[in-house]
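Colleague: Structure provided below as structure tokens; questions to follow.
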Amino acid sequence: MSFNSLGLSEALLRAINKKGYSSPSPIQEKAIPPILEGRDVLASAQTGTGKTAGFTLPLLQILSQGAIQRRRPVRALILTPTRELAAQIFDNVKDYSSFLDLKSAVIFGGVNQNPQVSKLRQGVDVLVATPGRLLDLCNQGLLSLNKVELFVLDEADRMLDMGFVRDIEKVIKLIPAKRQNLMFSATFSKEIKKLAHGILNHPVMVEATPENTTVEVIKQKVIRVDKAKKTELIIKLITEGKWKQVLVFTRTKHGANNLTKKMMAGGITAAAIHGNKSQGARTKALSGFKDGSIRVMVATDIAARGLDIPLLPHVINFEIPNIPEDYVHRIGRTGRAGASGEAMSLVSPDETTFLRDIQKLIGMTIPSELLEGFEPDPNASTEPIKRQQQSRSGSGRSGGKRNSDRAPKNGSEKRKTKKRRY
């Protein structure tokens, strides 16, 4: 199938051709026609499946067919959880609307709001936003959403995970009841369906997975290692392997900062990216990582969500996640667009339970090995580290909720309820 057969306008086909695409991905093929028909859509699609174009292209066509108003009120709102993802979606909107008379803008926290407000005052047809900054500007009377015709909720599962449910509910109250709704999520969980029920009107459900699954494309490996020797091992692997563009995951912001400092001391150019980093620092780190001036980027799960790094060859789990689904999201950063990739996990004895849960989720036993000089103590406890800490301190949170990437409250980004910085 070609894009021509989906009913897209000549202006959009020119933009698609300019980006070098010839045929739609499965999610684009399934989602674009019902969206063009004006239907609400609930779509399950993971990052890397082409889902952004799946909603951006038909959204732009619908808007371009309507009358352009002189003051250009916001007619389409795309809500997404993280700054990086918002910026990437905005880039797609700009690229695909290059031959259309439509204006777009992106707003997110962590940066001065004045340039964003100035852009909004000039008139915007399509607005890409993160929840906190969107509500801040609305509360200040600097933004109105009463003319929104299309509402897109992207990465809905991550929205729930990051604690944005109440913010989503507030946004819904600010936009017209009569509108077209599109919701995209990596999963159709019970929570997602409940959220969809309150937003979507008789939706068409579409589902698409990458042509190759994570397990098929990515070479996965576990190295059993003594916890105290993890840093020495990862520096050895990256140095001796002469690896470049290595994305390393830790569970906490403190862990990311600490590992980055040790890598720099070991002669490896590295940068940390997490919720406490300013937007400027995050953008600079990502830019350096992409152009090769930074070999290693150390990230937390929340900060890495939505990062678009093509042909990333190596992902290392310095600490494996305590939420199995996050493992799939992490290693999905490599092996994209049909390319091969390697995902390596350094697993200490106290992470044994986490590894078991991950293997159960993906339905396979990941090959493991030992490296001489880095073997774990055979008598080390296999009790999960979180439980060990709780038993020692007599406090702490249990279960799967992450609290490692929350941000301090500051300035106009203060929220009444605690949530992770986006």
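In the structure tokens, each chain is lettered A, B, ... as it comes, each chain's residues begin at 1, and ligands are numbered from 1 in order of appearance.
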Please provide the set of residues having any atom within 8 Å of Pro26 in chain A, restricted to only C-alpha atoms, with same-chain residues fewer than 2 positions apart removed, written as a list in words.

Modeller: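 After dropping sequence-adjacent residues, the list is Pro24, Gln28, Glu29, Lys30, Thr49, Ala208 and Thr209 of chain A.
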
Colleague: When you look at Val124 in chain A with a cut-off of 10 Å (counting only C-alpha atoms), what residues show up, excluding the ones that are within fewer than 3 positions of it in the same chain? I need them as a list in words.

Modeller: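 Counting only C-alpha atoms, the residues come to Arg71, Arg72, Pro73, Val74, Arg75, Ala76, Leu102, Lys103, Ser104, Ala105, Val106, Lys119, Leu120, Arg121 and Leu127 of chain A.
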
Colleague: Which one of A:Asn114, A:Gln61, A:Asn258, A:Ser44 sits closest to Ala156 in chain A if you count only C-alpha atoms?

Modeller: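 Nearest candidate to Ala156 in chain A out of A:Asn114, A:Gln61, A:Asn258, A:Ser44: A:Ser44.
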
Colleague: Extract, using only C-alpha atoms, all DNA, RNA and protein residues at most 10 Å from Asn379 in chain A, discarding same-chain residues fewer than 3 positions from it, and format them as a short mmCIF file (atom, residue, chain, number, x, y, z; two decimals) with all heavy atoms, in the first residue's frame.

Modeller:
data_model
loop_
_atom_site.label_atom_id
_atom_site.label_comp_id
_atom_site.auth_asym_id
_atom_site.auth_seq_id
_atom_site.Cartn_x
_atom_site.Cartn_y
_atom_site.Cartn_z
N PRO A 349 23.05 -10.01 42.49
CA PRO A 349 22.17 -10.96 43.17
C PRO A 349 20.86 -10.36 43.67
O PRO A 349 19.81 -11.00 43.61
CB PRO A 349 23.04 -11.45 44.34
CG PRO A 349 24.43 -11.36 43.81
CD PRO A 349 24.45 -10.12 42.99
N PRO A 376 29.68 -12.56 41.02
CA PRO A 376 29.02 -12.21 42.28
C PRO A 376 29.38 -13.19 43.39
O PRO A 376 29.71 -14.35 43.12
CB PRO A 376 27.53 -12.28 41.93
CG PRO A 376 27.45 -13.26 40.81
CD PRO A 376 28.71 -13.07 40.02
N THR A 382 19.76 -12.60 47.63
CA THR A 382 19.00 -12.37 46.40
C THR A 382 17.71 -11.62 46.69
O THR A 382 16.85 -11.48 45.83
CB THR A 382 18.67 -13.70 45.70
OG1 THR A 382 17.93 -14.53 46.61
CG2 THR A 382 19.93 -14.42 45.27
#

Colleague: Set the distance at 12 Å and use only C-alpha atoms: which residues neighbour Val117 in chain A once local chain neighbours fewer than 3 positions away are removed? I'd like the list as an MDAnalysis selection string.

Modeller: chainID A and resid 105:108 111:114 120:124 127 133:134 136:138 140:144

Colleague: Okay, now the selection with N, CA, C and O atoms, as a JSON list (two decimals), in the first residue's frame?

Modeller:
[["chain", "number", "residue", "atom", "x", "y", "z"],
["A", 105, "ALA", "N", 2.84, 25.23, 17.49],
["A", 105, "ALA", "CA", 3.73, 25.63, 18.59],
["A", 105, "ALA", "C", 3.84, 24.49, 19.57],
["A", 105, "ALA", "O", 3.01, 23.58, 19.59],
["A", 106, "VAL", "N", 4.88, 24.54, 20.39],
["A", 106, "VAL", "CA", 5.07, 23.54, 21.44],
["A", 106, "VAL", "C", 5.33, 24.25, 22.75],
["A", 106, "VAL", "O", 6.03, 25.28, 22.78],
["A", 107, "ILE", "N", 4.73, 23.77, 23.83],
["A", 107, "ILE", "CA", 4.96, 24.35, 25.15],
["A", 107, "ILE", "C", 5.25, 23.24, 26.15],
["A", 107, "ILE", "O", 4.61, 22.19, 26.12],
["A", 108, "PHE", "N", 6.24, 23.47, 27.01],
["A", 108, "PHE", "CA", 6.58, 22.52, 28.07],
["A", 108, "PHE", "C", 7.31, 23.26, 29.18],
["A", 108, "PHE", "O", 7.75, 24.39, 29.00],
["A", 111, "VAL", "N", 11.57, 25.63, 31.07],
["A", 111, "VAL", "CA", 12.15, 26.75, 30.34],
["A", 111, "VAL", "C", 11.27, 27.98, 30.58],
["A", 111, "VAL", "O", 10.13, 27.88, 31.04],
["A", 112, "ASN", "N", 11.79, 29.16, 30.25],
["A", 112, "ASN", "CA", 11.05, 30.40, 30.40],
["A", 112, "ASN", "C", 9.77, 30.35, 29.56],
["A", 112, "ASN", "O", 9.79, 29.98, 28.39],
["A", 113, "GLN", "N", 8.65, 30.74, 30.17],
["A", 113, "GLN", "CA", 7.38, 30.66, 29.45],
["A", 113, "GLN", "C", 7.16, 31.81, 28.48],
["A", 113, "GLN", "O", 6.32, 31.70, 27.57],
["A", 114, "ASN", "N", 7.87, 32.90, 28.62],
["A", 114, "ASN", "CA", 7.60, 34.10, 27.81],
["A", 114, "ASN", "C", 7.69, 33.88, 26.30],
["A", 114, "ASN", "O", 6.80, 34.33, 25.57],
["A", 120, "LEU", "N", 2.14, 31.91, 21.16],
["A", 120, "LEU", "CA", 0.70, 31.66, 21.23],
["A", 120, "LEU", "C", -0.09, 32.89, 20.84],
["A", 120, "LEU", "O", -1.14, 32.79, 20.20],
["A", 121, "ARG", "N", 0.38, 34.06, 21.22],
["A", 121, "ARG", "CA", -0.32, 35.30, 20.92],
["A", 121, "ARG", "C", -0.36, 35.60, 19.42],
["A", 121, "ARG", "O", -1.21, 36.35, 18.95],
["A", 122, "GLN", "N", 0.58, 35.01, 18.68],
["A", 122, "GLN", "CA", 0.62, 35.21, 17.23],
["A", 122, "GLN", "C", -0.42, 34.36, 16.51],
["A", 122, "GLN", "O", -0.67, 34.54, 15.33],
["A", 123, "GLY", "N", -1.03, 33.42, 17.26],
["A", 123, "GLY", "CA", -2.03, 32.54, 16.67],
["A", 123, "GLY", "C", -1.45, 31.19, 16.33],
["A", 123, "GLY", "O", -0.40, 31.09, 15.68],
["A", 124, "VAL", "N", -2.10, 30.13, 16.83],
["A", 124, "VAL", "CA", -1.60, 28.77, 16.64],
["A", 124, "VAL", "C", -2.76, 27.83, 16.32],
["A", 124, "VAL", "O", -3.77, 27.83, 17.02],
["A", 127, "LEU", "N", -1.32, 22.85, 18.75],
["A", 127, "LEU", "CA", -0.49, 23.04, 19.94],
["A", 127, "LEU", "C", -0.08, 21.69, 20.51],
["A", 127, "LEU", "O", -0.92, 20.84, 20.78],
["A", 133, "ARG", "N", 2.76, 22.69, 32.06],
["A", 133, "ARG", "CA", 2.88, 24.02, 31.46],
["A", 133, "ARG", "C", 1.56, 24.44, 30.81],
["A", 133, "ARG", "O", 1.17, 25.61, 30.86],
["A", 134, "LEU", "N", 0.86, 23.48, 30.20],
["A", 134, "LEU", "CA", -0.43, 23.78, 29.57],
["A", 134, "LEU", "C", -1.41, 24.36, 30.60],
["A", 134, "LEU", "O", -2.03, 25.41, 30.39],
["A", 136, "ASP", "N", -0.70, 25.59, 33.56],
["A", 136, "ASP", "CA", -0.17, 26.83, 34.13],
["A", 136, "ASP", "C", -0.60, 28.03, 33.27],
["A", 136, "ASP", "O", -1.06, 29.05, 33.79],
["A", 137, "LEU", "N", -0.42, 27.92, 31.96],
["A", 137, "LEU", "CA", -0.75, 29.04, 31.07],
["A", 137, "LEU", "C", -2.25, 29.28, 31.02],
["A", 137, "LEU", "O", -2.70, 30.43, 30.93],
["A", 138, "CYS", "N", -3.03, 28.19, 31.07],
["A", 138, "CYS", "CA", -4.48, 28.35, 31.10],
["A", 138, "CYS", "C", -4.92, 29.04, 32.39],
["A", 138, "CYS", "O", -5.77, 29.94, 32.38],
["A", 140, "GLN", "N", -3.25, 31.08, 34.15],
["A", 140, "GLN", "CA", -2.82, 32.48, 34.12],
["A", 140, "GLN", "C", -3.63, 33.32, 33.13],
["A", 140, "GLN", "O", -3.43, 34.53, 33.01],
["A", 141, "GLY", "N", -4.53, 32.68, 32.42],
["A", 141, "GLY", "CA", -5.34, 33.38, 31.43],
["A", 141, "GLY", "C", -4.59, 33.71, 30.16],
["A", 141, "GLY", "O", -5.01, 34.57, 29.38],
["A", 142, "LEU", "N", -3.48, 33.02, 29.93],
["A", 142, "LEU", "CA", -2.64, 33.29, 28.76],
["A", 142, "LEU", "C", -2.95, 32.35, 27.59],
["A", 142, "LEU", "O", -2.37, 32.49, 26.51],
["A", 143, "LEU", "N", -3.84, 31.39, 27.80],
["A", 143, "LEU", "CA", -4.15, 30.40, 26.77],
["A", 143, "LEU", "C", -5.60, 29.95, 26.91],
["A", 143, "LEU", "O", -6.05, 29.67, 28.02],
["A", 144, "SER", "N", -6.30, 29.90, 25.80],
["A", 144, "SER", "CA", -7.67, 29.40, 25.79],
["A", 144, "SER", "C", -7.76, 28.16, 24.92],
["A", 144, "SER", "O", -7.16, 28.09, 23.84]]

Colleague: Looking at only C-alpha atoms, which of A:Val128, A:Val148, A:Val298, A:Leu36 is the one that sits closest to His254 in chain A?

Modeller: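 The closest residue to His254 in chain A is A:Val298.
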
Colleague: When DSSP is applied to the backbone of this structure, which of range 20-131 of chain A are assigned alpha helix (DSSP H)? Write them out as an MDAnalysis selection string.

Modeller: chainID A and resid 26:36 51:65 83:96 114:121 131

Colleague: Under the rule that only C-alpha atoms are counted, which of A:Asp91, A:Asp377, A:Glu351, A:Glu207 is the nearest residue to Ile27 in chain A?

Modeller: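 Of A:Asp91, A:Asp377, A:Glu351, A:Glu207, the one nearest Ile27 in chain A, counting only C-alpha atoms, is A:Glu207.
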
Colleague: Given only C-alpha atoms as the basis, pick out the residue of A:Met183, A:Leu370, A:Leu286, A:Ala129 nearest to Glu155 in chain A.

Modeller: A:Met183

Colleague: So that I can check the surroundings of Leu371 in chain A, please list as an NGL selection string every protein, DNA and RNA residue that reaches within 9 Å of it, counting only C-alpha atoms and ignoring chain neighbours fewer than 4 positions away.

Modeller: :A and (223-225 or 375)

Colleague: Just checking: using only C-alpha atoms, which residue out of A:Thr334, A:Asn146, A:Thr52, A:Ser23 ends up closest to Thr80 in chain A?

Modeller: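 Closest to Thr80 in chain A, using only C-alpha atoms: A:Thr52.
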
Colleague: What are the closest atom pairs, with distances in Å to one decimal, for all residues of range 129-217 of chain A lying within 12 Å of range 81-86 of chain A? Consider only C-alpha atoms, order rows by chain and residue number, and present the result as CSV.

Modeller:
residue,atom,partner,partner_atom,distance
A:Ala129,CA,A:Ala86,CA,6.2
A:Thr130,CA,A:Pro81,CA,5.5
A:Pro131,CA,A:Pro81,CA,7.0
A:Gly132,CA,A:Pro81,CA,9.3
A:Arg133,CA,A:Arg83,CA,10.3
A:Leu134,CA,A:Pro81,CA,11.4
A:Val152,CA,A:Pro81,CA,11.9
A:Leu153,CA,A:Pro81,CA,9.1
A:Asp154,CA,A:Pro81,CA,7.7
A:Glu155,CA,A:Pro81,CA,6.9
A:Ala156,CA,A:Pro81,CA,8.2
A:Asp157,CA,A:Pro81,CA,9.7
A:Arg158,CA,A:Pro81,CA,6.9
A:Met159,CA,A:Pro81,CA,5.6
A:Leu160,CA,A:Pro81,CA,9.3
A:Asp161,CA,A:Pro81,CA,9.8
A:Met162,CA,A:Pro81,CA,7.8
A:Gly163,CA,A:Pro81,CA,9.9
A:Phe164,CA,A:Pro81,CA,8.1
A:Val165,CA,A:Pro81,CA,11.0
A:Asp167,CA,A:Pro81,CA,10.9
A:Ile168,CA,A:Pro81,CA,10.5
A:Ser185,CA,A:Pro81,CA,11.7

Colleague: Let's have the selection written as a PDB file, in the first residue's frame, with N, CA and C atoms.

Modeller:
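Written out: result_34.pdb:
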ATOM      1  N   ALA A 129       1.789  19.963  23.742  1.00  0.00           N
ATOM      2  CA  ALA A 129       2.037  20.433  25.106  1.00  0.00           C
ATOM      3  C   ALA A 129       2.220  19.294  26.092  1.00  0.00           C
ATOM      4  N   THR A 130       2.942  19.610  27.171  1.00  0.00           N
ATOM      5  CA  THR A 130       2.973  18.730  28.338  1.00  0.00           C
ATOM      6  C   THR A 130       1.947  19.278  29.328  1.00  0.00           C
ATOM      7  N   PRO A 131       1.396  18.436  30.202  1.00  0.00           N
ATOM      8  CA  PRO A 131       0.268  18.851  31.049  1.00  0.00           C
ATOM      9  C   PRO A 131       0.528  20.034  31.969  1.00  0.00           C
ATOM     10  N   GLY A 132       1.677  20.036  32.681  1.00  0.00           N
ATOM     11  CA  GLY A 132       1.928  21.075  33.670  1.00  0.00           C
ATOM     12  C   GLY A 132       1.958  22.467  33.089  1.00  0.00           C
ATOM     13  N   ARG A 133       2.757  22.687  32.063  1.00  0.00           N
ATOM     14  CA  ARG A 133       2.880  24.019  31.464  1.00  0.00           C
ATOM     15  C   ARG A 133       1.559  24.439  30.809  1.00  0.00           C
ATOM     16  N   LEU A 134       0.857  23.479  30.201  1.00  0.00           N
ATOM     17  CA  LEU A 134      -0.431  23.785  29.572  1.00  0.00           C
ATOM     18  C   LEU A 134      -1.409  24.359  30.604  1.00  0.00           C
ATOM     19  N   VAL A 152      -5.609  15.012  21.005  1.00  0.00           N
ATOM     20  CA  VAL A 152      -4.781  13.806  20.924  1.00  0.00           C
ATOM     21  C   VAL A 152      -4.097  13.584  22.267  1.00  0.00           C
ATOM     22  N   LEU A 153      -4.278  12.409  22.832  1.00  0.00           N
ATOM     23  CA  LEU A 153      -3.572  12.026  24.056  1.00  0.00           C
ATOM     24  C   LEU A 153      -2.552  10.964  23.672  1.00  0.00           C
ATOM     25  N   ASP A 154      -1.291  11.351  23.639  1.00  0.00           N
ATOM     26  CA  ASP A 154      -0.230  10.431  23.218  1.00  0.00           C
ATOM     27  C   ASP A 154       0.456   9.822  24.432  1.00  0.00           C
ATOM     28  N   GLU A 155       0.985   8.619  24.261  1.00  0.00           N
ATOM     29  CA  GLU A 155       1.670   7.905  25.352  1.00  0.00           C
ATOM     30  C   GLU A 155       0.781   7.860  26.596  1.00  0.00           C
ATOM     31  N   ALA A 156      -0.477   7.474  26.410  1.00  0.00           N
ATOM     32  CA  ALA A 156      -1.451   7.493  27.510  1.00  0.00           C
ATOM     33  C   ALA A 156      -1.008   6.609  28.673  1.00  0.00           C
ATOM     34  N   ASP A 157      -0.387   5.479  28.388  1.00  0.00           N
ATOM     35  CA  ASP A 157       0.060   4.588  29.460  1.00  0.00           C
ATOM     36  C   ASP A 157       1.133   5.255  30.322  1.00  0.00           C
ATOM     37  N   ARG A 158       2.029   5.998  29.682  1.00  0.00           N
ATOM     38  CA  ARG A 158       3.072   6.696  30.437  1.00  0.00           C
ATOM     39  C   ARG A 158       2.484   7.878  31.210  1.00  0.00           C
ATOM     40  N   MET A 159       1.456   8.483  30.646  1.00  0.00           N
ATOM     41  CA  MET A 159       0.756   9.555  31.363  1.00  0.00           C
ATOM     42  C   MET A 159       0.246   9.037  32.707  1.00  0.00           C
ATOM     43  N   LEU A 160      -0.373   7.860  32.672  1.00  0.00           N
ATOM     44  CA  LEU A 160      -0.886   7.270  33.903  1.00  0.00           C
ATOM     45  C   LEU A 160       0.257   6.951  34.854  1.00  0.00           C
ATOM     46  N   ASP A 161       1.327   6.390  34.320  1.00  0.00           N
ATOM     47  CA  ASP A 161       2.473   5.997  35.136  1.00  0.00           C
ATOM     48  C   ASP A 161       3.117   7.204  35.819  1.00  0.00           C
ATOM     49  N   MET A 162       3.073   8.354  35.162  1.00  0.00           N
ATOM     50  CA  MET A 162       3.708   9.554  35.702  1.00  0.00           C
ATOM     51  C   MET A 162       2.764  10.365  36.589  1.00  0.00           C
ATOM     52  N   GLY A 163       1.558   9.878  36.799  1.00  0.00           N
ATOM     53  CA  GLY A 163       0.639  10.535  37.716  1.00  0.00           C
ATOM     54  C   GLY A 163      -0.091  11.733  37.151  1.00  0.00           C
ATOM     55  N   PHE A 164      -0.362  11.725  35.825  1.00  0.00           N
ATOM     56  CA  PHE A 164      -0.994  12.870  35.188  1.00  0.00           C
ATOM     57  C   PHE A 164      -2.514  12.734  35.033  1.00  0.00           C
ATOM     58  N   VAL A 165      -3.124  11.761  35.686  1.00  0.00           N
ATOM     59  CA  VAL A 165      -4.555  11.530  35.490  1.00  0.00           C
ATOM     60  C   VAL A 165      -5.379  12.771  35.824  1.00  0.00           C
ATOM     61  N   ASP A 167      -4.458  15.863  35.932  1.00  0.00           N
ATOM     62  CA  ASP A 167      -4.193  16.934  34.980  1.00  0.00           C
ATOM     63  C   ASP A 167      -4.951  16.705  33.678  1.00  0.00           C
ATOM     64  N   ILE A 168      -5.004  15.454  33.236  1.00  0.00           N
ATOM     65  CA  ILE A 168      -5.759  15.136  32.025  1.00  0.00           C
ATOM     66  C   ILE A 168      -7.238  15.490  32.217  1.00  0.00           C
ATOM     67  N   SER A 185      -1.558   4.522  22.961  1.00  0.00           N
ATOM     68  CA  SER A 185      -0.955   3.896  24.132  1.00  0.00           C
ATOM     69  C   SER A 185      -0.187   2.662  23.695  1.00  0.00           C
TER      70      SER A 185
END

Colleague: Would you list the contacts of Pro176 in chain A as a PyMOL selection string, taking every protein, DNA or RNA residue within 10 Å and counting only C-alpha atoms, but skipping same-chain residues closer than 5 positions in sequence?

Modeller: chain A and resi 145-151

Colleague: What lies within 12 Å of Met263 in chain A using only C-alpha atoms, ignoring chain neighbours under 3 positions off, as a PyMOL selection string?

Modeller: chain A and resi 230-239+248+256-260+266-272+294-298

Colleague: Determine the nearest neighbour of Asn92 in chain A from the options A:Leu12, A:Ile32, A:Val222, A:Ala67, counting only C-alpha atoms.

Modeller: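 Comparing A:Leu12, A:Ile32, A:Val222, A:Ala67 against Asn92 in chain A, the winner is A:Leu12.
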
Colleague: For a test of reading the model, state the distance in Å between CA of Lys227 in chain A and CA of Arg333 in chain A, rounded to one decimal.

Modeller: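 Straight-line distance from CA of Lys227 in chain A to CA of Arg333 in chain A works out to 24.7 Å.
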